[in-house]
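Peer 1: Have a look at the structure that comes next, please.
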2 protein chains.
Amino acid sequence: MPDSHQTTPRDHGGGLDAAMARFGGTRADWLDLSTGINPVPYPVGAVSDTAWNALPDRDAQNGLLDAARQFWNVPDGAGIIAAHGASALIARMPALAAPGIVDIPTPTYNEHAAAFTAQGWQLGETAPSARVLVHPNNPTGHLWSQSDLTAPLTIVDESFCDVTPDHSLIHHADQTGRVVLKSFGKFWGLAGLRLGFAIARPDTIQRLTDLTGPWAVSGPALEIGTRALTDHDWANATRNRLADDTRRLDALMAGKGAALVGGTTLFRLYEVEDAQAWQDKLARAHVWSRIFPYSKTFLRLGLPAPDRWDQLEAAL
Amino acid sequence: MPDSHQTTPRDHGGGLDAAMARFGGTRADWLDLSTGINPVPYPVGAVSDTAWNALPDRDAQNGLLDAARQFWNVPDGAGIIAAHGASALIARMPALAAPGIVDIPTPTYNEHAAAFTAQGWQLGETAPSARVLVHPNNPTGHLWSQSDLTAPLTIVDESFCDVTPDHSLIHHADQTGRVVLKSFGKFWGLAGLRLGFAIARPDTIQRLTDLTGPWAVSGPALEIGTRALTDHDWANATRNRLADDTRRLDALMAGKGAALVGGTTLFRLYEVEDAQAWQDKLARAHVWSRIFPYSKTFLRLGLPAPDRWDQLEAAL
């Protein structure tokens, strides 16, 4: 069989397959801290037969959107679309304006630049017609403010903002040329479910709907997403737990000489003398971490699940 | 709350919500024959925690693609991409060439024209640079042949072809400018799962991958899809059952004066004197059918589930 169907992903850290090939161990042996996904996911619960079998219906879609509106305090003047993961919406952002110059302050999540360049845009900082701000930024945790929303089309990717809802820029989403993206995979820990949202003025949402096509969200994602977005108690408790676990991780890493330089309560960015050496050391104990092609000293760690701290402590 | 987030779907038949509002009854009361979805779906089975929680990994994606290659006899010279439903791929087809004239022989599934016109194409039959053939066609069941693959970019939508695999045009997918689409929702009856495929030359598949972004298939869809596509026994038994049920439906309808004019073993197209009157009559007994804005005499019916034939017979 030819290799032509093999996926050729951009650099998403990941690479656990390659790590297993080099350092051994089964998938269950590995503690994967290379992402910023909450390790205590929202409980999936029961999924109805209809969710799997039937084309997702309009009532269910609107129920999800209503729950999302309320959860994120979407301004009345903005519309909202749900799609198959924030990634699916990131891929559509370049079609919202004629190709030109897009400013994507780095370092940041690399999928935005990949999407824009694949659709005829050029990266640059001078008089950009579009700007992408990851908020809080991945991996630095940097927070942007209203004064940063400068380009005619400014996209605010709030994939990691649900741990710090007070910092959200969602209240700008009813203004022309502003798009706010939300992800379901990280905070709710259900990355495999694929669910994300874009919030913007109704004409922009209509354009995204036309470009996305019908049934952009699976039946199970509609059911589970609606339950999760109406469960504000779970969200509050999760924010507290993530904050506690982050303090624990910072203390652990500080004791080993790693200096905190940024992050959110879903991932932490540490400065170390030799990030590659740290990654290798952790990998020998089957803990997978994230390092970056543009930095020799950045090491990013997600949070271990409650029953996996021992493995991390032993690895350090 | 403003209405700006309401989805504004194109005409997909559906309309069961509106029918319920007009004719009463709960969703469970209604027998929905307005689609061509197999009413005896592939059994979903267990879904692992990892499928929900983790970003779908490359091994799992390649496992699905390998199963799909084998199931559909994909030629060695073609690549394959899986995405969130055939709809997601239909929406990307217009980006495979510069906007021009696209020929979409009618009547047919209307989402193709919607996608092309939303992305700057014009519908026409003269010297088209693209052509879309739904194969077999929905709703007529018409089958196309090699001599119909005439435009520089020709898309063959085989969403309903799994009941007649001998007629597939998949062996042309390794030729320049040919794209074959496959849907998981109809034959396997899991429309809510959202899974579809495109098969074409590797450079076209790479372009679609760039336009789609990463993790285009959910974790549950990877697991369930891989199981289903390797279950050739289920596929064979299902083809036989659908053929039997189709004969039963045709006999029933012939007895009521409806003339078969086309279809597949997933849906049947009948000619009746007054399609609107038939739809209303069936709807009063909570059976929902499909009629078409362009025809006063076409009535399309899907197949009832095994335990719902009584309701259809009583409604007729």
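Just so we're on the same page: first chain in the structure tokens is A, next is B, and so on; residues restart at 1 for each chain, and ligands are numbered from 1 in the order they show up.
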List every residue of chain A that has an atom at most 8 Å from any atom of chain B, giving for each one its closest atom pair and the distance in Å to one decimal, counting only C-alpha atoms, sorted by chain and then by ascending residue number, as a tab-separated table.

Peer 2:
residue	atom	partner	partner_atom	distance
A:Met1	CA	B:Asp76	CA	6.4
A:Pro2	CA	B:Asp76	CA	6.1
A:Ser4	CA	B:Gly79	CA	5.2
A:His5	CA	B:Gly79	CA	4.7
A:Gln6	CA	B:Asn62	CA	6.5
A:Thr7	CA	B:Arg58	CA	7.2
A:Pro9	CA	B:Pro214	CA	6.8
A:Pro41	CA	B:Asn53	CA	6.8
A:Val44	CA	B:Trp52	CA	7.9
A:Thr50	CA	B:Gly192	CA	7.6
A:Ala51	CA	B:Gly192	CA	5.5
A:Trp52	CA	B:Gly192	CA	4.4
A:Asn53	CA	B:Leu190	CA	4.2
A:Ala54	CA	B:Gly192	CA	5.1
A:Leu55	CA	B:Gly192	CA	5.0
A:Pro56	CA	B:Gly192	CA	5.8
A:Arg58	CA	B:Thr7	CA	7.2
A:Gln61	CA	B:Thr7	CA	7.9
A:Asn62	CA	B:Gln6	CA	6.5
A:Leu65	CA	B:His5	CA	7.2
A:Asp76	CA	B:Pro2	CA	6.1
A:Gly77	CA	B:Pro2	CA	7.5
A:Ala78	CA	B:Ser4	CA	7.3
A:Gly79	CA	B:His5	CA	4.7
A:Ile80	CA	B:His5	CA	5.2
A:Ile81	CA	B:His5	CA	6.9
A:His84	CA	B:His84	CA	7.1
A:Ser87	CA	B:Gly213	CA	6.1
A:Ala88	CA	B:Gly213	CA	6.4
A:Ile90	CA	B:Gly213	CA	7.9
A:Ala91	CA	B:Gly213	CA	5.8
A:Glu111	CA	B:Gly213	CA	7.9
A:Ala114	CA	B:Asp210	CA	7.9
A:Ala115	CA	B:Leu211	CA	7.1
A:Ala118	CA	B:Asp210	CA	6.4
A:Gln119	CA	B:Leu211	CA	7.8
A:Gly185	CA	B:Asn53	CA	7.9
A:Gly189	CA	B:Asn53	CA	5.8
A:Leu190	CA	B:Asn53	CA	4.3
A:Ala191	CA	B:Leu55	CA	5.1
A:Gly192	CA	B:Trp52	CA	4.4
A:Leu193	CA	B:Trp52	CA	5.2
A:Arg194	CA	B:Ser218	CA	5.7
A:Pro202	CA	B:Ser4	CA	5.8
A:Ile205	CA	B:His5	CA	7.9
A:Thr209	CA	B:Thr7	CA	8.0
A:Asp210	CA	B:Ala118	CA	6.4
A:Leu211	CA	B:Ala91	CA	6.3
A:Thr212	CA	B:Ala91	CA	6.2
A:Gly213	CA	B:Ala91	CA	5.8
A:Pro214	CA	B:Ser87	CA	6.6
A:Trp215	CA	B:Ser87	CA	7.5
A:Ala216	CA	B:Ala88	CA	7.4
A:Val217	CA	B:Arg194	CA	7.8
A:Ser218	CA	B:Gly192	CA	5.2
A:Gly219	CA	B:Gly192	CA	4.5
A:Pro220	CA	B:Gly192	CA	7.3

Peer 1: Go ahead and write the residues just picked, C-alpha atoms, as a CSV table (one decimal), in the first residue's frame.

Peer 2:
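out21.csv written:
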chain,number,residue,atom,x,y,z
A,1,MET,CA,0.0,0.0,0.0
A,2,PRO,CA,1.3,3.4,-0.9
A,4,SER,CA,0.1,8.7,0.1
A,5,HIS,CA,-2.8,8.6,2.6
A,6,GLN,CA,-0.6,9.1,5.6
A,7,THR,CA,-1.5,12.3,7.4
A,9,PRO,CA,0.5,16.9,10.5
A,41,PRO,CA,-12.7,15.4,31.7
A,44,VAL,CA,-19.5,11.9,29.0
A,50,THR,CA,-30.7,9.1,18.1
A,51,ALA,CA,-27.5,11.1,18.6
A,52,TRP,CA,-25.6,8.5,16.7
A,53,ASN,CA,-28.2,7.6,14.1
A,54,ALA,CA,-30.1,10.7,13.0
A,55,LEU,CA,-28.9,13.8,11.3
A,56,PRO,CA,-28.5,16.4,14.1
A,58,ARG,CA,-32.2,22.1,14.4
A,61,GLN,CA,-28.3,22.7,17.5
A,62,ASN,CA,-30.1,25.7,18.9
A,65,LEU,CA,-26.0,27.4,21.0
A,76,ASP,CA,-26.9,40.1,22.1
A,77,GLY,CA,-25.5,41.7,19.0
A,78,ALA,CA,-23.3,38.8,18.1
A,79,GLY,CA,-24.1,35.5,16.5
A,80,ILE,CA,-22.6,32.1,17.2
A,81,ILE,CA,-21.7,29.0,15.2
A,84,HIS,CA,-16.3,20.3,14.6
A,87,SER,CA,-9.6,23.6,14.4
A,88,ALA,CA,-12.4,23.5,11.8
A,90,ILE,CA,-9.4,28.2,12.5
A,91,ALA,CA,-9.3,26.7,9.0
A,111,GLU,CA,-2.2,26.2,13.2
A,114,ALA,CA,-0.7,27.3,8.6
A,115,ALA,CA,-4.3,28.0,7.8
A,118,ALA,CA,-2.4,27.7,2.9
A,119,GLN,CA,-5.1,30.1,1.7
A,185,GLY,CA,-11.5,20.2,24.0
A,189,GLY,CA,-11.0,17.7,28.6
A,190,LEU,CA,-12.9,16.1,25.7
A,191,ALA,CA,-10.5,16.7,22.8
A,192,GLY,CA,-11.7,13.6,20.9
A,193,LEU,CA,-15.3,14.9,20.9
A,194,ARG,CA,-14.5,17.7,18.5
A,202,PRO,CA,-24.3,37.8,12.4
A,205,ILE,CA,-21.5,33.9,11.3
A,209,THR,CA,-22.2,28.8,8.1
A,210,ASP,CA,-22.1,28.9,4.3
A,211,LEU,CA,-18.5,27.9,4.2
A,212,THR,CA,-18.9,25.1,6.8
A,213,GLY,CA,-22.0,23.3,5.4
A,214,PRO,CA,-24.7,21.6,7.4
A,215,TRP,CA,-24.4,19.3,10.4
A,216,ALA,CA,-21.1,20.6,11.5
A,217,VAL,CA,-21.5,19.2,14.9
A,218,SER,CA,-22.0,15.4,15.6
A,219,GLY,CA,-25.1,14.2,17.5
A,220,PRO,CA,-23.0,13.1,20.5

Peer 1: Using DSSP on the backbone, list every residue of region 127-196 of chain A that comes out as helix (DSSP H, G or I), and give them as a list in words.

Peer 2: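 Residues meeting the helix (DSSP H, G or I) criterion: Gln146, Ser147, Asp148, Cys161, Asp162, Val163, Pro165, Asp166, His167, Ile170, His171 and His172 of chain A.
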
Peer 1: Have a look at B:Pro105, B:Gly124, B:Gly302, B:Pro94 and name the one nearest to Asp148 (chain B); count only C-alpha atoms.

Peer 2: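 Smallest distance to Asp148 (chain B) is found for B:Pro105.
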
Peer 1: I want to know what sits within 10 Å of Ala275 (chain B), based on only C-alpha atoms, with residues of the same chain fewer than 2 positions away left out; could you give that as a ChimeraX atom specification?

Peer 2: /B:270-273,277-281,289-292,295-300

Peer 1: For the residues in the current selection, export N, CA and C atoms as a PDB file, in the first residue's frame.

Peer 2:
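File produced: again_11.pdb:
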ATOM      1  N   TYR B 270     -41.037   7.711  -6.158  1.00  0.00           N
ATOM      2  CA  TYR B 270     -42.299   7.319  -6.787  1.00  0.00           C
ATOM      3  C   TYR B 270     -42.929   8.520  -7.482  1.00  0.00           C
ATOM      4  N   GLU B 271     -43.674   8.213  -8.538  1.00  0.00           N
ATOM      5  CA  GLU B 271     -44.458   9.250  -9.199  1.00  0.00           C
ATOM      6  C   GLU B 271     -45.907   9.079  -8.764  1.00  0.00           C
ATOM      7  N   VAL B 272     -46.455  10.168  -8.272  1.00  0.00           N
ATOM      8  CA  VAL B 272     -47.850  10.145  -7.819  1.00  0.00           C
ATOM      9  C   VAL B 272     -48.572  11.332  -8.440  1.00  0.00           C
ATOM     10  N   GLU B 273     -49.880  11.341  -8.377  1.00  0.00           N
ATOM     11  CA  GLU B 273     -50.606  12.408  -9.065  1.00  0.00           C
ATOM     12  C   GLU B 273     -50.391  13.753  -8.380  1.00  0.00           C
ATOM     13  N   ALA B 277     -50.427  16.219  -1.725  1.00  0.00           N
ATOM     14  CA  ALA B 277     -51.562  15.540  -1.091  1.00  0.00           C
ATOM     15  C   ALA B 277     -51.103  14.242  -0.419  1.00  0.00           C
ATOM     16  N   TRP B 278     -50.208  13.506  -1.069  1.00  0.00           N
ATOM     17  CA  TRP B 278     -49.657  12.291  -0.462  1.00  0.00           C
ATOM     18  C   TRP B 278     -48.885  12.626   0.811  1.00  0.00           C
ATOM     19  N   GLN B 279     -48.053  13.661   0.743  1.00  0.00           N
ATOM     20  CA  GLN B 279     -47.278  13.998   1.945  1.00  0.00           C
ATOM     21  C   GLN B 279     -48.212  14.339   3.095  1.00  0.00           C
ATOM     22  N   ASP B 280     -49.246  15.117   2.810  1.00  0.00           N
ATOM     23  CA  ASP B 280     -50.178  15.508   3.875  1.00  0.00           C
ATOM     24  C   ASP B 280     -50.920  14.298   4.446  1.00  0.00           C
ATOM     25  N   LYS B 281     -51.340  13.411   3.558  1.00  0.00           N
ATOM     26  CA  LYS B 281     -52.061  12.212   4.015  1.00  0.00           C
ATOM     27  C   LYS B 281     -51.173  11.374   4.948  1.00  0.00           C
ATOM     28  N   SER B 289     -42.503  12.218   4.767  1.00  0.00           N
ATOM     29  CA  SER B 289     -41.948  11.855   3.464  1.00  0.00           C
ATOM     30  C   SER B 289     -41.209  13.055   2.869  1.00  0.00           C
ATOM     31  N   ARG B 290     -40.627  12.832   1.709  1.00  0.00           N
ATOM     32  CA  ARG B 290     -39.858  13.893   1.059  1.00  0.00           C
ATOM     33  C   ARG B 290     -40.520  14.246  -0.264  1.00  0.00           C
ATOM     34  N   ILE B 291     -40.851  15.524  -0.426  1.00  0.00           N
ATOM     35  CA  ILE B 291     -41.269  16.000  -1.744  1.00  0.00           C
ATOM     36  C   ILE B 291     -40.307  17.098  -2.145  1.00  0.00           C
ATOM     37  N   PHE B 292     -40.414  17.587  -3.351  1.00  0.00           N
ATOM     38  CA  PHE B 292     -39.376  18.452  -3.909  1.00  0.00           C
ATOM     39  C   PHE B 292     -39.964  19.725  -4.489  1.00  0.00           C
ATOM     40  N   SER B 295     -40.843  19.597  -8.314  1.00  0.00           N
ATOM     41  CA  SER B 295     -41.718  18.583  -8.919  1.00  0.00           C
ATOM     42  C   SER B 295     -43.022  18.469  -8.144  1.00  0.00           C
ATOM     43  N   LYS B 296     -44.133  18.419  -8.840  1.00  0.00           N
ATOM     44  CA  LYS B 296     -45.434  18.239  -8.188  1.00  0.00           C
ATOM     45  C   LYS B 296     -45.787  16.768  -8.035  1.00  0.00           C
ATOM     46  N   THR B 297     -44.983  15.875  -8.634  1.00  0.00           N
ATOM     47  CA  THR B 297     -45.371  14.453  -8.674  1.00  0.00           C
ATOM     48  C   THR B 297     -44.355  13.510  -8.025  1.00  0.00           C
ATOM     49  N   PHE B 298     -43.174  13.992  -7.670  1.00  0.00           N
ATOM     50  CA  PHE B 298     -42.162  13.126  -7.052  1.00  0.00           C
ATOM     51  C   PHE B 298     -42.402  12.991  -5.545  1.00  0.00           C
ATOM     52  N   LEU B 299     -42.400  11.742  -5.107  1.00  0.00           N
ATOM     53  CA  LEU B 299     -42.488  11.447  -3.677  1.00  0.00           C
ATOM     54  C   LEU B 299     -41.348  10.483  -3.354  1.00  0.00           C
ATOM     55  N   ARG B 300     -40.494  10.867  -2.427  1.00  0.00           N
ATOM     56  CA  ARG B 300     -39.376   9.978  -2.072  1.00  0.00           C
ATOM     57  C   ARG B 300     -39.609   9.411  -0.681  1.00  0.00           C
TER      58      ARG B 300
END

Peer 1: Near Ala127 (chain A), counting only C-alpha atoms, which residues have an atom at most 12 Å away, once you skip same-chain residues fewer than 4 positions from it, shown as a ChimeraX atom specification?

Peer 2: /A:100-103,122-123,131,150-153

Peer 1: Report, in Å with one decimal, the straight-line distance from CA of Lys182 (chain B) to CA of Thr246 (chain B).

Peer 2: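 These atoms are spaced 22.0 Å apart.
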
Peer 1: Quick one: DSSP strand (DSSP E) residues in region 79-263 of chain B, as an NGL selection string?

Peer 2: :B and (79-83 or 101-103 or 122-123 or 130-134 or 153-157 or 178-183 or 196-200 or 259-263)

Peer 1: Check the smallest atom-to-atom distance from each of B:Arg239, B:Asp233, B:Gly263, B:Ala285 to Ala314 (chain B) using only C-alpha atoms, then report the winner.

Peer 2: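 Among B:Arg239, B:Asp233, B:Gly263, B:Ala285, it is B:Ala285 that comes nearest to Ala314 (chain B).
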
Peer 1: What does the structure give for the distance between CA of Leu149 (chain A) and CA of Gly120 (chain A), in Å to one decimal?

Peer 2: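 Rounded to one decimal, the two atoms are 22.5 Å apart.
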